[in-house]
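Below is the file start.cif, which contains mmCIF, C-alpha atoms.
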data_data
#
loop_
_atom_site.label_atom_id
_atom_site.label_comp_id
_atom_site.auth_asym_id
_atom_site.auth_seq_id
_atom_site.Cartn_x
_atom_site.Cartn_y
_atom_site.Cartn_z
CA MET A 11 -15.33 1.86 16.13
CA LYS A 12 -13.74 3.11 19.31
CA GLN A 13 -10.43 2.27 20.85
CA VAL A 14 -10.89 0.62 24.25
CA ARG A 15 -7.28 -0.03 25.20
CA ALA A 16 -3.87 -0.37 23.63
CA ASP A 17 -0.45 -1.69 24.46
CA GLU A 18 2.79 -2.34 22.58
CA GLN A 19 1.41 -5.41 20.84
CA SER A 20 -2.25 -4.78 20.15
CA VAL A 21 -5.26 -2.49 20.20
CA VAL A 22 -8.76 -3.45 21.33
CA PHE A 23 -11.66 -1.79 19.51
CA GLN A 24 -15.30 -1.66 20.47
CA LEU A 25 -17.60 -1.96 17.46
CA SER A 26 -21.34 -1.80 17.17
CA SER A 27 -23.01 -4.75 15.43
CA SER A 28 -23.58 -2.67 12.32
CA GLU A 29 -19.93 -1.56 12.24
CA ARG A 30 -18.83 -5.20 12.52
CA ASP A 31 -21.18 -6.23 9.71
CA ALA A 32 -19.97 -3.34 7.56
CA LEU A 33 -16.31 -4.19 8.19
CA ILE A 34 -16.82 -7.86 7.26
CA GLN A 35 -18.86 -6.97 4.19
CA ILE A 36 -16.25 -4.47 3.00
CA LEU A 37 -13.33 -6.84 3.61
CA GLN A 38 -15.09 -9.49 1.55
CA THR A 39 -14.82 -7.23 -1.51
CA TYR A 40 -11.02 -7.55 -1.43
CA PRO A 41 -9.25 -7.33 -3.84
CA ALA A 42 -11.09 -4.40 -5.37
CA MET A 43 -8.21 -3.10 -7.48
CA PRO A 44 -8.03 -4.16 -11.11
CA ALA A 45 -4.98 -6.25 -12.07
CA GLY A 46 -1.74 -4.34 -12.41
CA PRO A 47 -0.36 -1.39 -10.55
CA TYR A 48 -2.31 1.72 -9.66
CA GLY A 49 -1.25 4.53 -12.00
CA GLY A 50 1.22 2.47 -14.01
CA SER A 51 4.56 3.38 -15.45
CA LYS A 52 5.30 6.66 -17.18
CA GLU A 53 7.68 4.83 -19.49
CA ARG A 54 5.39 2.30 -21.18
CA ASN A 55 7.14 2.80 -24.52
CA ASN A 56 10.51 1.90 -23.05
CA PRO A 57 10.88 -1.92 -23.47
CA GLN A 58 13.05 -2.20 -20.36
CA ALA A 59 10.54 -0.25 -18.26
CA ALA A 60 7.67 -2.26 -19.73
CA GLU A 61 9.39 -5.52 -18.78
CA TYR A 62 10.02 -4.22 -15.28
CA GLN A 63 6.37 -3.19 -15.01
CA ARG A 64 5.26 -6.66 -16.15
CA LEU A 65 7.33 -8.27 -13.40
CA LEU A 66 5.97 -5.75 -10.94
CA ASP A 67 2.39 -6.56 -11.99
CA GLU A 68 3.06 -10.25 -11.35
CA ALA A 69 4.55 -9.51 -7.94
CA LEU A 70 1.54 -7.35 -7.01
CA ALA A 71 -0.87 -10.08 -8.12
CA GLU A 72 0.97 -12.62 -5.95
CA LYS A 73 0.92 -10.21 -3.02
CA ARG A 74 -2.83 -9.67 -3.39
CA ALA A 75 -3.43 -13.43 -3.52
CA ALA A 76 -1.38 -13.86 -0.32
CA HIS A 77 -3.28 -11.02 1.38
CA LYS A 78 -6.57 -12.63 0.35
CA ARG A 79 -5.58 -15.97 1.93
CA HIS A 80 -4.44 -14.19 5.07
CA LEU A 81 -7.64 -12.16 5.20
CA ASP A 82 -9.88 -15.22 4.81
CA ALA A 83 -8.04 -16.99 7.63
CA TRP A 84 -8.15 -13.86 9.79
CA LEU A 85 -11.91 -13.44 9.34
CA ALA A 86 -12.53 -17.15 9.98
CA ALA A 87 -10.66 -17.18 13.29
CA PRO A 88 -13.03 -18.17 16.11
CA ASP A 89 -14.06 -15.30 18.34
CA ARG A 90 -12.46 -12.75 15.98
CA PHE A 91 -15.31 -10.44 16.95
CA HIS A 92 -15.95 -11.12 20.63
CA LYS A 93 -19.58 -10.39 21.48
CA THR A 94 -20.33 -7.83 24.18
CA LYS A 95 -23.52 -6.16 25.41
CA ALA A 96 -22.83 -3.12 23.25
CA GLY A 97 -21.80 -5.03 20.12
CA CYS A 98 -18.39 -6.68 19.91
CA ARG A 99 -14.71 -6.29 20.57
CA LEU A 100 -11.96 -6.71 18.02
CA THR A 101 -8.38 -7.23 19.09
CA LEU A 102 -5.99 -6.14 16.38
CA GLU A 103 -2.36 -7.18 16.69
CA ARG A 104 0.15 -4.54 15.65
CA ALA A 105 1.64 -7.10 13.23
CA ASP A 106 -1.76 -7.39 11.52
CA SER A 107 -2.35 -3.66 11.25
CA GLU A 108 0.07 -3.22 8.34
CA TRP A 109 -1.46 -5.71 5.92
CA LEU A 110 -4.97 -4.72 7.01
CA LEU A 111 -4.18 -1.11 6.11
CA GLN A 112 -2.98 -2.26 2.68
CA VAL A 113 -6.14 -4.34 2.23
CA LEU A 114 -8.42 -1.46 3.24
CA ASN A 115 -6.61 0.94 0.93
CA ASP A 116 -6.89 -1.49 -1.97
CA ILE A 117 -10.63 -1.57 -1.32
CA ARG A 118 -10.85 2.21 -1.03
CA VAL A 119 -8.87 2.95 -4.21
CA GLY A 120 -10.47 0.08 -6.12
CA HIS A 121 -13.99 1.35 -5.41
CA TRP A 122 -12.93 4.91 -6.22
CA LEU A 123 -11.68 3.71 -9.62
CA GLU A 124 -14.97 1.86 -10.12
CA LEU A 125 -16.78 5.16 -9.54
CA GLY A 126 -14.72 6.75 -12.34
CA SER A 127 -11.96 8.37 -10.24
CA PRO A 128 -14.02 11.41 -9.20
CA GLU A 129 -12.56 14.52 -7.56
CA VAL A 130 -13.20 15.05 -3.87
CA GLY A 131 -16.59 16.67 -3.34
CA GLU A 132 -17.66 15.88 -6.90
CA LEU A 133 -19.68 12.88 -5.81
CA LYS A 134 -23.27 13.55 -4.82
CA PRO A 135 -24.56 10.35 -3.22
CA ALA A 136 -28.16 11.43 -3.75
CA ARG A 137 -27.56 11.37 -7.52
CA LEU A 138 -25.88 7.97 -7.60
CA ALA A 139 -27.53 4.79 -8.81
CA GLU A 140 -28.15 2.09 -6.20
CA LYS A 141 -25.11 0.04 -7.24
CA ALA A 142 -22.88 3.11 -7.16
CA ILE A 143 -24.12 4.02 -3.67
CA THR A 144 -22.91 0.64 -2.42
CA THR A 145 -19.54 1.29 -4.08
CA TRP A 146 -19.35 4.80 -2.62
CA LEU A 147 -20.23 3.49 0.86
CA ALA A 148 -17.53 0.83 0.65
CA MET A 149 -15.01 3.50 -0.34
CA GLU A 150 -16.00 5.82 2.51
CA MET A 151 -16.24 3.08 5.13
CA SER A 152 -12.85 1.60 4.25
CA GLY A 153 -11.39 5.09 4.77
CA PHE A 154 -13.13 5.29 8.14
CA PHE A 155 -11.64 1.97 9.26
CA GLN A 156 -8.21 2.98 7.94
CA MET A 157 -8.29 6.18 9.99
CA SER A 158 -9.39 4.28 13.11
CA ILE A 159 -6.41 1.93 12.76
CA LEU A 160 -3.93 4.71 11.97
CA GLU A 161 -5.06 6.76 14.97
CA ALA A 162 -5.12 3.78 17.32
CA PHE A 163 -1.55 2.78 16.52
CA ASP A 164 -0.54 6.44 16.12
CA CYS A 165 1.12 5.33 12.91
CA MET B 11 50.89 -36.43 -1.28
CA ALA B 12 52.46 -34.94 -4.30
CA ASN B 13 52.64 -31.25 -4.34
CA VAL B 14 51.75 -30.73 -7.97
CA ALA B 15 50.37 -27.50 -9.20
CA GLU B 16 47.08 -28.04 -10.95
CA PRO B 17 45.25 -25.59 -13.13
CA LEU B 18 42.92 -23.50 -11.08
CA VAL B 19 39.30 -24.06 -12.09
CA LEU B 20 37.05 -21.16 -11.22
CA PRO B 21 33.31 -21.63 -10.86
CA ASP B 22 31.15 -20.07 -13.52
CA LEU B 23 30.17 -16.68 -12.29
CA GLU B 24 26.88 -15.19 -13.31
CA LYS B 25 27.51 -12.42 -15.75
CA GLU B 26 26.81 -8.94 -14.47
CA THR B 27 23.60 -7.99 -16.19
CA ARG B 28 23.33 -4.48 -14.83
CA THR B 29 25.34 -1.83 -16.59
CA LYS B 30 27.38 0.73 -14.71
CA ASP B 31 24.79 3.32 -15.65
CA GLU B 32 22.06 1.27 -13.96
CA LEU B 33 24.07 0.97 -10.76
CA GLU B 34 24.47 4.72 -10.38
CA PRO B 35 21.85 6.74 -8.54
CA GLY B 36 20.25 8.19 -11.64
CA TYR B 37 16.63 7.17 -11.09
CA LEU B 38 13.96 9.19 -9.36
CA VAL B 39 11.14 7.66 -7.35
CA VAL B 40 8.09 9.88 -7.78
CA CYS B 41 4.79 9.80 -5.91
CA TRP B 42 1.78 11.40 -7.61
CA ASN B 43 -1.25 13.08 -6.12
CA ASP B 44 -4.74 11.64 -6.26
CA PRO B 45 -7.99 12.56 -4.50
CA VAL B 46 -8.45 9.18 -2.82
CA ASN B 47 -5.44 8.31 -0.67
CA LEU B 48 -5.81 9.77 2.81
CA MET B 49 -3.10 12.22 3.88
CA GLN B 50 -2.42 10.40 7.14
CA TYR B 51 -2.15 7.11 5.26
CA VAL B 52 0.34 8.54 2.76
CA THR B 53 2.47 9.89 5.64
CA HIS B 54 2.35 6.48 7.29
CA VAL B 55 3.44 4.71 4.09
CA PHE B 56 6.41 7.06 3.57
CA GLN B 57 7.52 6.41 7.16
CA LYS B 58 7.24 2.65 6.69
CA VAL B 59 8.85 2.38 3.26
CA PHE B 60 11.71 4.86 3.70
CA GLY B 61 12.11 4.78 7.49
CA TRP B 62 11.66 8.55 7.64
CA ASN B 63 10.55 10.44 10.73
CA ARG B 64 7.07 11.90 10.70
CA GLN B 65 8.25 15.44 9.90
CA LYS B 66 10.04 14.38 6.71
CA ALA B 67 7.20 12.06 5.69
CA GLU B 68 4.65 14.86 6.19
CA HIS B 69 6.80 17.27 4.19
CA HIS B 70 6.75 14.94 1.16
CA MET B 71 3.07 14.14 1.66
CA MET B 72 2.28 17.88 1.55
CA GLN B 73 4.41 18.26 -1.59
CA VAL B 74 2.36 15.52 -3.24
CA HIS B 75 -0.87 17.14 -2.07
CA GLU B 76 -0.03 20.72 -3.03
CA GLN B 77 2.29 20.34 -6.02
CA GLY B 78 0.82 17.20 -7.56
CA LYS B 79 3.93 15.09 -7.03
CA SER B 80 7.02 14.66 -4.94
CA VAL B 81 10.41 13.22 -5.81
CA LEU B 82 10.95 10.92 -2.87
CA THR B 83 14.46 9.70 -3.54
CA ARG B 84 17.18 9.35 -6.18
CA GLU B 85 18.59 5.85 -6.38
CA SER B 86 20.19 3.20 -8.56
CA LEU B 87 17.83 1.38 -10.91
CA GLU B 88 17.56 -1.61 -8.61
CA LYS B 89 16.79 0.40 -5.49
CA ALA B 90 14.36 2.67 -7.33
CA GLU B 91 12.51 -0.42 -8.62
CA PHE B 92 12.34 -1.75 -5.08
CA TYR B 93 10.86 1.48 -3.68
CA VAL B 94 8.29 1.78 -6.48
CA HIS B 95 7.20 -1.79 -5.78
CA GLN B 96 6.86 -1.05 -2.07
CA LEU B 97 4.79 2.08 -2.70
CA GLN B 98 2.54 0.32 -5.20
CA LYS B 99 1.95 -2.46 -2.68
CA TYR B 100 0.34 0.23 -0.52
CA THR B 101 -1.72 1.38 -3.55
CA LEU B 102 0.04 4.69 -3.92
CA HIS B 103 0.56 6.10 -7.41
CA ALA B 104 4.34 5.81 -7.68
CA THR B 105 6.60 5.71 -10.71
CA MET B 106 10.29 5.68 -11.54
CA GLU B 107 11.95 8.10 -13.92
CA ARG B 108 15.45 8.45 -15.26
CA ASP B 109 16.96 11.65 -13.92
CA ALA B 110 17.54 13.93 -16.90
#
Conversion result in structure tokens:
Amino acid sequence: MKQVRADEQSVVFQLSSSERDALIQILQTYPAMPAGPYGGSKERNNPQAAEYQRLLDEALAEKRAAHKRHLDAWLAAPDRFHKTKAGCRLTLERADSEWLLQVLNDIRVGHWLELGSPEVGELKPARLAEKAITTWLAMEMSGFFQMSILEAFDC
Amino acid sequence: MANVAEPLVLPDLEKETRTKDELEPGYLVVCWNDPVNLMQYVTHVFQKVFGWNRQKAEHHMMQVHEQGKSVLTRESLEKAEFYVHQLQKYTLHATMERDA
């Protein structure tokens, strides 16, 4: 995924066919996070904090549902991935970069949790079961796409 | 038209549900370290949520990375709740604590 050009409003990326397929496949796993917030409150025994956290959980669930609808529409847009000789081109509007970063991070953290929240470097892909390799790849690839977007917009 | 004084009827005002204590900036917004969130992403989120410049955002990101957590701001209950919600929307591990 390489940046071809950028202006105030958007960035154009060149993707190989396999990168496009990987991006679509990864985005289709959204939402990957379990219900509720990541980490949770430190004050679960405090009724007021617990009530606040419950409301927060609801708000996060609504946000994820809205992101999912937006994502489905975004992926279904005609010519989203414009075919070229070398693969395809993706035009990403600056306005779309923010929710897409949130979506990709949900996927990254969600798959990391699914792997058992390992420490960096602890994971040895060669020792993972087939299902876990898919999960690990989704985690790594979502990070790759996140970095490409962050660097392109110099966020 | 007769100029007769009539009793003034005030609309029902919603009772203030927040106590004075909750309106004072006695709540800390804390971000915790994890091995999964990318450093550049965390910096970006701090810039977006708090409107900080990159230098300040990177300073707090490094605190999270090296010290395990960073106190990002001290606010009223309502504002602290808002910031925690924003950070959790970005899938950062953020919590709110009463300042001792």
Closest-contact table, chain A side, partner chain B, 9 Å, counting all atoms listed in the file, as JSON lines:
{"residue": "A:Met43", "atom": "CA", "partner": "B:Thr101", "partner_atom": "CA", "distance": 8.8}
{"residue": "A:Pro47", "atom": "CA", "partner": "B:Gln98", "partner_atom": "CA", "distance": 6.3}
{"residue": "A:Tyr48", "atom": "CA", "partner": "B:His103", "partner_atom": "CA", "distance": 5.7}
{"residue": "A:Gly49", "atom": "CA", "partner": "B:His103", "partner_atom": "CA", "distance": 5.2}
{"residue": "A:Gly50", "atom": "CA", "partner": "B:Thr105", "partner_atom": "CA", "distance": 7.1}
{"residue": "A:Ser51", "atom": "CA", "partner": "B:Thr105", "partner_atom": "CA", "distance": 5.7}
{"residue": "A:Lys52", "atom": "CA", "partner": "B:Thr105", "partner_atom": "CA", "distance": 6.7}
{"residue": "A:Glu53", "atom": "CA", "partner": "B:Glu107", "partner_atom": "CA", "distance": 7.7}
{"residue": "A:Ala59", "atom": "CA", "partner": "B:Met106", "partner_atom": "CA", "distance": 9.0}
{"residue": "A:Tyr62", "atom": "CA", "partner": "B:Glu91", "partner_atom": "CA", "distance": 8.1}
{"residue": "A:Leu66", "atom": "CA", "partner": "B:His95", "partner_atom": "CA", "distance": 6.6}
{"residue": "A:Ala69", "atom": "CA", "partner": "B:His95", "partner_atom": "CA", "distance": 8.4}
{"residue": "A:Leu70", "atom": "CA", "partner": "B:Lys99", "partner_atom": "CA", "distance": 6.5}
{"residue": "A:Lys73", "atom": "CA", "partner": "B:Lys99", "partner_atom": "CA", "distance": 7.8}
{"residue": "A:Arg74", "atom": "CA", "partner": "B:Lys99", "partner_atom": "CA", "distance": 8.7}
{"residue": "A:Trp109", "atom": "CA", "partner": "B:Tyr100", "partner_atom": "CA", "distance": 8.9}
{"residue": "A:Leu111", "atom": "CA", "partner": "B:Tyr100", "partner_atom": "CA", "distance": 8.1}
{"residue": "A:Gln112", "atom": "CA", "partner": "B:Tyr100", "partner_atom": "CA", "distance": 5.2}
{"residue": "A:Val113", "atom": "CA", "partner": "B:Tyr100", "partner_atom": "CA", "distance": 8.4}
{"residue": "A:Asn115", "atom": "CA", "partner": "B:Thr101", "partner_atom": "CA", "distance": 6.6}
{"residue": "A:Asp116", "atom": "CA", "partner": "B:Thr101", "partner_atom": "CA", "distance": 6.1}
{"residue": "A:Arg118", "atom": "CA", "partner": "B:Val46", "partner_atom": "CA", "distance": 7.6}
{"residue": "A:Val119", "atom": "CA", "partner": "B:Val46", "partner_atom": "CA", "distance": 6.4}
{"residue": "A:Trp122", "atom": "CA", "partner": "B:Val46", "partner_atom": "CA", "distance": 7.1}
{"residue": "A:Ser127", "atom": "CA", "partner": "B:Pro45", "partner_atom": "CA", "distance": 8.1}
{"residue": "A:Pro128", "atom": "CA", "partner": "B:Pro45", "partner_atom": "CA", "distance": 7.7}
{"residue": "A:Glu129", "atom": "CA", "partner": "B:Pro45", "partner_atom": "CA", "distance": 5.8}
{"residue": "A:Val130", "atom": "CA", "partner": "B:Pro45", "partner_atom": "CA", "distance": 5.8}
{"residue": "A:Gly153", "atom": "CA", "partner": "B:Leu48", "partner_atom": "CA", "distance": 7.5}
{"residue": "A:Gln156", "atom": "CA", "partner": "B:Tyr51", "partner_atom": "CA", "distance": 7.8}
{"residue": "A:Met157", "atom": "CA", "partner": "B:Gln50", "partner_atom": "CA", "distance": 7.8}
{"residue": "A:Leu160", "atom": "CA", "partner": "B:Tyr51", "partner_atom": "CA", "distance": 7.3}
{"residue": "A:Cys165", "atom": "CA", "partner": "B:His54", "partner_atom": "CA", "distance": 5.9}
**OP:** Go ahead and compute the interatomic distance for atom CA of Gly46 of chain A and atom CA of Ile34 of chain A, in Å to one decimal.
**Re:**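 It comes out at 25.0 Å.
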Excluding Ala110 of chain B and its own-chain neighbours fewer than 5 positions away, which residues fall within 12 Å of it when counting all atoms listed in the file? Please give them as a short mmCIF file (atom, residue, chain, number, x, y, z; two decimals) with C-alpha atoms, keeping the file's coordinate frame.
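Output file around_11.cif is given in full below:
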data_model
loop_
_atom_site.label_atom_id
_atom_site.label_comp_id
_atom_site.auth_asym_id
_atom_site.auth_seq_id
_atom_site.Cartn_x
_atom_site.Cartn_y
_atom_site.Cartn_z
CA PRO B 35 21.85 6.74 -8.54
CA GLY B 36 20.25 8.19 -11.64
CA TYR B 37 16.63 7.17 -11.09
CA LEU B 38 13.96 9.19 -9.36
CA ARG B 84 17.18 9.35 -6.18
#
Evaluate the PyMOL selection byres ((chain B and resi 80) around 8) against this structure - the residues, as a PDB file with C-alpha atoms, keeping the file's coordinate frame, please.
ATOM      1  CA  VAL B  40       8.090   9.880  -7.780  1.00  0.00           C
ATOM      2  CA  CYS B  41       4.790   9.800  -5.910  1.00  0.00           C
ATOM      3  CA  TRP B  42       1.780  11.400  -7.610  1.00  0.00           C
ATOM      4  CA  HIS B  70       6.750  14.940   1.160  1.00  0.00           C
ATOM      5  CA  MET B  71       3.070  14.140   1.660  1.00  0.00           C
ATOM      6  CA  GLN B  73       4.410  18.260  -1.590  1.00  0.00           C
ATOM      7  CA  VAL B  74       2.360  15.520  -3.240  1.00  0.00           C
ATOM      8  CA  GLN B  77       2.290  20.340  -6.020  1.00  0.00           C
ATOM      9  CA  GLY B  78       0.820  17.200  -7.560  1.00  0.00           C
ATOM     10  CA  LYS B  79       3.930  15.090  -7.030  1.00  0.00           C
ATOM     11  CA  VAL B  81      10.410  13.220  -5.810  1.00  0.00           C
ATOM     12  CA  LEU B  82      10.950  10.920  -2.870  1.00  0.00           C
TER      13      LEU B  82
END
What are the centre and the three edge lengths of an axis-aligned box that wraps all atoms of segment 28-36 of chain A in the file, given that 5 Å is added to every side, written as lines of an AutoDock Vina configuration file and rounded to one decimal in Å?
center_x = -19.9
center_y = -4.7
center_z = 7.8
size_x = 17.3
size_y = 16.3
size_z = 19.5
Original post:
Could you work out how far atom CA of Leu37 of chain A lies from atom CA of Leu110 of chain A, giving the answer in Å with one decimal?
Top reply: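 Rounded to one decimal, the two atoms are 9.3 Å apart.
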**OP:** Enter the distance from atom CA of Pro44 of chain A to atom CA of Leu133 of chain A, in Å, rounded to one decimal.
**Re:**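 We find that atom CA of Pro44 of chain A and atom CA of Leu133 of chain A lie 21.3 Å from each other.
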**OP:** Please provide as a ChimeraX atom specification all residues within 10 Å of Leu125 of chain A, with the sequence filter that same-chain residues fewer than 5 positions apart are discarded (counting all atoms listed in the file).
**Re:** /A:119-120,133,138,142-143,145-146,149
